[in-house]
Structures are given as structure tokens and as C-alpha cells.
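Structure, as C-alpha cells:
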Amino acid sequence: MRAGRLSALASVLAAACLAAPAGATAAGMPLGLGTCGQNQGVYQCSGLAPTFDGVPLDTTVTLPRQGAGDLPLVVELNGFGNSKYEYLDPSSQAYTGNAFDWAKRGYAVLTYTARGFWGSCGTPAARLASPSACSKGYIRLADVRYEVRDAQYLIGELVDQGVADPARIGVTGDSYGGGQTFELAALRNRVMLPDGTLVQWRSPRGVPLHIAAAAPIIPWTDLVYAAAPNGRTLSYAVTPRNVDSNPIGVQKVTFTAGVYGSGVVSTGPGQPVGQPAQTGQPIGWFAPPGADPDSDVTLWLGRSTLGEPYIDPTIGGVVNQLENYRSAYYIDDSEPPAPLLVGNGFSDDLFPIGESLRYANRLKTMYPRAPLSLWYFDFGHQRGSNKPADRARLLAAIHAWFDHYLRDRGRTPRQGVTAMTQTCPRTAPSAGPFWAPTFAQLARGEVRWGSAAAQTILSVPGNPSVGAAIDPVAGGGNDCATTSAAAEPGTATYELPAARGAGYTLLGAPTIVASLSVAGTPGAAQIAGRLWDVGPGGDSQTLVARGLFRPTADGRYVWQLNANGWKFAAGHVPKLELLGEDPPYARPSNGSFSITVTRLELHLPVLNVPDCRVVLPIAPPALPAGYQIAPGVRAAVRSSQRFCRSR
């Protein structure tokens, strides 16, 4: 799903696909892959490997040397619309490294193209080559029962063949691969069968297996919320089950349409079935209409794009499928997951940090000693800056994580939360890294502001040029884009005092508490929140944080914008906008509405210690009914409040 696929792949695979060495047999090659040879100082075998239900997957196994066995195994899972070649270029800048790098560090590496893409039944040529085996090889959208089971099956085969050590299995991947990595970690030693039953994970020959370490990068944990957030996930609370889909939230329409499109045709270089791809070539295969109700992605997208009211059985079926079979947060949590290192991007509008923080808050509540390391900075989908120095720091942490948990090497890696800030221009180094035991403890104070005055939000679009500039797709992926700071019609707007002196640094999720009076078409109300940094002079502004919220009736609400790390320098004004529409990023409602906002409070968690004037002690957070406070929140409040007790 990352923009820009790897380009220098044809030459790499041409070098890898050498003739099989003399005396070798298919049975003596990993997974029976018949095209093997030395390449760039490692040993690789490539070809089609049938998975548990016979679907052929385009697979490569990379080893430190020919004949190496009983090795720690790293599985790298590709992003949506990408392929195994994401990791098969020695110069790859993938967040999780490449197969050559891992093999030279002493690991066996399994890379394969996810079912339904490219050479794994994704292209017409691949399906023509294996028509019977590919008959059900379509994209199932990271279904635990299929895509995740593919990884489990191939891992089991490598264990049975003596290539991989059953006690030293690690998985990683980004975006689509990151979501599957999270699912594998949550399952840990279990397999989900097609009927949803969980059974013990064993290799084809019966060897018990488990994931020993996992590093999901820019993943989701709740696919319903990731696609259509309703604003019920809070950074400082444990999210109750099912509130994230009740009500159905606001669809991130440019993402849902763009992701679907990227699964149909190629948007850049790639290599299906050993041949260079041309832009516009079919590279993905969704289930034919009506062929499989459990995987009818085309129907699901079509229905969700129609919008409200979300009351028909089709919507219930989609929610059931996405939550129960495609979201790590809803996998049975009666045992802890594998040791997790997770990275999400502050500027990632598709899978923001709330996706991993949701899981982390519950995990640390249930299993306080479960190994967990969270990495949050300016990277990820579309608007992320992806600074090389920050990526290198993350990759070093992933290496250390796997070296320790798969090879018992090095000290126990540091757990907790590591954060680095967004900076503009994009080439400017990030501030940090900053570390704390929990996300809540990154902030040492907060900037609070309130307004009792009534303002009204109308169901009208804001300035279209502003919306386009900050859209992750239409805006060209620039998180430092500036726009006009002029007031937008039908919008509730709140300007805080300009920062003074050394300024202050936001490090957390802006929290809004307000009384809302909702009128208009039932179920249509939505709020698109934006926090801006308005520069001196008041003419231009840069987006700091955004979020979508779905109120249902009159009442007192609490919701958040996506978290970020951002410095408000002296003379810069934080400005909160609450709009009724945020096109093209978010889908406008079908009906019309108005929302009257009163008694609004804005809480900005900041890195700075309280000065008891501008930066205040952190207030105990508002907790909706049914929510549990997250670990570390009370400690953060206590630590912050001590600064002003004597004043």
C-alpha cells in the first residue's frame, strides 16, 4: 500500500533465479521451490508453493547459505497491492528491512506474495497457469482463516523440512502485512478454522508452533474503525468491545476507494510471474460477485459508499466479517500475544497510532508483563515524511527485538513508548526520541482552553482547496502543506492564545469535551475536527491533527483527534476547527444536519512540564460510561500535578 513500489526488481530476480545446483532435488529444497541459487551473498529458492487449501503462492525462501537449517525464521508480509518483491531488492527501503539483510544476520527468511495478488493468482496469467488451484485464490482482505493461515502453513512446512526452528519464529510486515502480523501475534499458538474455531497451531507433521516475536508496522487492529472511525477510541482508556462500530462512523472515502483500486490494477513498477509490470496492468483479483459472501469485498465497498442509514443486514454482515475475522483486537484474548514491537505514524491518516494504542491499552491492563514496545513518529501512509534517520532507528529496534526474542542475543530490549515529532520542512530532523513507560506518560503537562459560547456546525463542505491540500491522496502526501487560514463557513472555530517564549510541544491526542445539540436527518450528524498551527500574521496554517466523530443525539461528549508530536513555536496559534464535512478525505453524509456546540473544552497534552500559567498540570481525563482508564494515566496525572501544588 506504500506509494512507490520497488523498481530494480527484474535484475535482482534474474540473478536469484539460477538453475538448480547439481544433485539437488525438489524434496531437498525449501518448500519444494525449484529455482535456487546464490544471489548477493545469500542462497535463495523461488517458485510457487501450495498453501493449506492448494492455492499457489509466489514464494521465495532466503537462507544465509545453501543447506542451512534449524534457523530462526523471519516472515515478511507484503503491503496491499505489493508483492514479495517488496523485500527482495538489496537496496529496499522497506520499514522492516529486506530478505538479504535478514539472511546475512543469520536468519531464514520467508517472503511470499499474499493470495490474490500478482503471481499468487492475482494476474490473469497466474490464474491461467493454475486455473483449478487458483479458483478460490482471490483476495480475502487479511482474513485470519485464509491469509494468516497461509503464513502459518508455510511456516509449518519450513519447520518440518528442518529449515526453521519451531521455537524461533518471528513475523513482520507493513500496512496490509502489518495487520496480518498483528493477527498472527494475537493468535500466537492458535489457528482459526473457516468456521471461526480456534485450534492449536501445529505443522503438517504435528509439531506444536508459536510466534516468538512480532513487529507489525503501520498496522490496524480494528478494520471497521480504521475505515470508518466513529470517534469512540480514546488514547487514555481501554476501548470496550464493539463500541467502535456502534454507531458506524465516517468513511475515509479517498482511502477506501484508493485501496480497492490499488488491488485491481498496478499503479507503478512491479513484477508479476517474473515479468516487469506495466502501469495499469491487472495485479489483484477480488472474489467474483456473489461467489463468496465471506469475501465479497466489491459488495462491501459498494454498500459502505452508499452511506447512511446503516441499518440493513448487509452492513451487519460487513461489520461481523471485518471485526471477527480481520481485526486483531477481536481475536480471543484469553492468553497474551507474542512479544510485540509496533510502529504507527503520527501523520498516517489511514492507520493512525490509535490503531495500536487501542490494543496496547487493553494488553497492558490484562497482562502487565507482556513484552511491548511502541514506536510513534512521522511516517506511514501517504502524508508521512518517512525521514531516513527515523526509519533507521526503527529498523535497528526491530533487529534488536528479534535478535533477543528469537536468538537470545543482546539485552532485553527497552519496552514502553518511543516518540519523535513531526517537523516542517519535511527534511528537518525530528525532535526526540522521547521515551516513557506508557503513552500517557509522554506528556508532562497540558494546555487547556475552553469556551462557553454556542457555535453551530452545518452539514456543508469547507473550503475545497483546503480539503484537497490536506487529503492524503489528492494532496500529494505532504504533511507540511500550508493552506489559507481564513474562516470556513458553517464551522465552529476556536483560537487559542499564541504560544510565547520557547513555545510548547504537543505530544499526544488532542481531547475535546463538549455539549452537543443535534438536529436534522437522523443518523447523519458527523464532525470533522482539525487542529491547525496558524503562523504569525494569521494568513497560513499547517495541519497538526485531524479526527472524525459521529454523535448520535444531544449530550455531553468526549472525543479525540489523532495524536501527534508537534511544536507550537512562539507567535504560532493553535486553532481548532469543527466541520460538518471534510471532503474529499471523508464521505459527506446523505442527510442534512446542524450541531450546536456549547461548553467546549480542549486539552492538548504537551511534553513541557507545567509552568502553572500556560502549561497546566494534566487534569483527570473524562471517562465515558463503560470505559476503563488505561495503564499509566493516573501516574501521569499525579506526576504532573505535583509541579503546581506549592503555587
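Quick note on naming: the chains in the C-alpha cells go A, B, ... in the order shown, residues restart at 1 in each chain, and ligands are numbered from 1 in order of appearance.
Residues surrounding Pro208 (chain A) within 10 Å are A:Gly156, A:Pro166, A:Ala167, A:Asn189, A:Arg190, A:Gln200, A:Trp201, A:Arg202, A:Ser203, A:Pro204, A:Arg205, A:Gly206, A:His210 [only C-alpha atoms; sequence separation below 2 positions excluded].
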Output of the above residues as a PDB file, in the first residue's frame, restricted to N, CA and C atoms:
```
ATOM      1  N   GLY A 156       4.955 -23.879   8.974  1.00  0.00           N
ATOM      2  CA  GLY A 156       4.956 -25.278   9.398  1.00  0.00           C
ATOM      3  C   GLY A 156       5.721 -26.167   8.444  1.00  0.00           C
ATOM      4  N   PRO A 166      11.278 -24.446  15.323  1.00  0.00           N
ATOM      5  CA  PRO A 166       9.891 -24.192  15.736  1.00  0.00           C
ATOM      6  C   PRO A 166       9.764 -23.234  16.920  1.00  0.00           C
ATOM      7  N   ALA A 167      10.836 -23.069  17.697  1.00  0.00           N
ATOM      8  CA  ALA A 167      10.776 -22.191  18.867  1.00  0.00           C
ATOM      9  C   ALA A 167      11.249 -20.776  18.559  1.00  0.00           C
ATOM     10  N   ASN A 189      -0.251 -19.103  19.189  1.00  0.00           N
ATOM     11  CA  ASN A 189      -0.061 -20.551  19.007  1.00  0.00           C
ATOM     12  C   ASN A 189      -1.347 -21.233  18.557  1.00  0.00           C
ATOM     13  N   ARG A 190      -2.225 -20.440  17.917  1.00  0.00           N
ATOM     14  CA  ARG A 190      -3.525 -20.972  17.515  1.00  0.00           C
ATOM     15  C   ARG A 190      -3.775 -20.712  16.035  1.00  0.00           C
ATOM     16  N   GLN A 200      -5.123 -25.580  18.215  1.00  0.00           N
ATOM     17  CA  GLN A 200      -3.692 -25.413  18.403  1.00  0.00           C
ATOM     18  C   GLN A 200      -2.975 -25.434  17.056  1.00  0.00           C
ATOM     19  N   TRP A 201      -2.014 -24.547  16.925  1.00  0.00           N
ATOM     20  CA  TRP A 201      -1.233 -24.467  15.696  1.00  0.00           C
ATOM     21  C   TRP A 201      -0.161 -25.556  15.696  1.00  0.00           C
ATOM     22  N   ARG A 202      -0.242 -26.407  14.697  1.00  0.00           N
ATOM     23  CA  ARG A 202       0.763 -27.454  14.505  1.00  0.00           C
ATOM     24  C   ARG A 202       1.210 -27.472  13.056  1.00  0.00           C
ATOM     25  N   SER A 203       2.432 -27.901  12.832  1.00  0.00           N
ATOM     26  CA  SER A 203       2.926 -28.079  11.478  1.00  0.00           C
ATOM     27  C   SER A 203       2.187 -29.232  10.820  1.00  0.00           C
ATOM     28  N   PRO A 204       2.303 -29.394   9.493  1.00  0.00           N
ATOM     29  CA  PRO A 204       1.646 -30.535   8.845  1.00  0.00           C
ATOM     30  C   PRO A 204       2.028 -31.882   9.464  1.00  0.00           C
ATOM     31  N   ARG A 205       3.225 -31.985  10.030  1.00  0.00           N
ATOM     32  CA  ARG A 205       3.643 -33.232  10.673  1.00  0.00           C
ATOM     33  C   ARG A 205       3.370 -33.254  12.178  1.00  0.00           C
ATOM     34  N   GLY A 206       2.680 -32.235  12.681  1.00  0.00           N
ATOM     35  CA  GLY A 206       2.239 -32.273  14.066  1.00  0.00           C
ATOM     36  C   GLY A 206       3.122 -31.569  15.070  1.00  0.00           C
ATOM     37  N   HIS A 210       4.482 -21.716  17.583  1.00  0.00           N
ATOM     38  CA  HIS A 210       4.012 -20.448  18.133  1.00  0.00           C
ATOM     39  C   HIS A 210       4.884 -19.319  17.586  1.00  0.00           C
TER      40      HIS A 210
END
```
Checklist entry - Near Lys84 (chain A), counting only C-alpha atoms, which residues have an atom at most 9 Å away, once you skip same-chain residues fewer than 6 positions from it, shown as a PyMOL selection string? => result chain A and resi 58-60+76-78+111-114
Checklist entry - Mind checking DSSP for region 336-534 of chain A and telling me the strand (DSSP E or B) residues as a ChimeraX atom specification? => result /A:340-345,372-377,416-419,434-436,445-451,455-458,482-484,492-495,504-508,511-520,527-534
Item to check | Selection near region 558-574 of chain A, 8 Å with only C-alpha atoms, sequence-local residues under 3 positions removed, as a ChimeraX atom specification | outcome: /A:231-234,346-347,352-354,377,419-423,495-514,529-536,544-549,622-624
Checklist entry - Which value, in Å to one decimal, gives the distance between CA of Phe52 (chain A) and CA of Gly97 (chain A)? => result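 Going from CA of Phe52 (chain A) over to CA of Gly97 (chain A), I get 27.5 Å.
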Item to check | Residue neighbourhood Val637 (chain A), 10 Å, only C-alpha atoms, exclusion window fewer than 3 positions, as a PyMOL selection string | outcome: chain A and resi 440-441+443-445+617-621+632-634+640-642
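Computed from the coordinates, the CA of Leu209 (chain A) to CA of Leu110 (chain A) distance equals 15.9 Å.
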Checklist entry - Which one is closest to Ser135 (chain A): A:Val171, A:Leu193, A:Leu187, A:Val55? Count only C-alpha atoms. => result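 Using only C-alpha atoms, the shortest distance to Ser135 (chain A) belongs to A:Val55.
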Next on the checklist: With only C-alpha atoms as the counted atoms, please give the residues lying no more than 10 Å from Asp101 (chain A), apart from itself and same-chain residues fewer than 4 positions off, as a PyMOL selection string.
Outcome noted: chain A and resi 42+64+87-92+96-97+105-107+109
Item to check | Of the listed residues A:Ala257, A:Cys45, A:Val473, A:Val460, that which approaches Asn590 (chain A) most closely, counting only C-alpha atoms | outcome: A:Val460
Checklist entry - Using only C-alpha atoms, which residue out of A:Val191, A:Ala636, A:Ala389, A:Met29 lies closest to Thr427 (chain A)? => result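 Smallest separation from Thr427 (chain A) among the options: A:Ala389.
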Checklist entry - Using only C-alpha atoms, which of the listed residues (A:Arg587, A:His404, A:Arg149, A:Lys252) sits closest to Arg168 (chain A)? => result A:His404
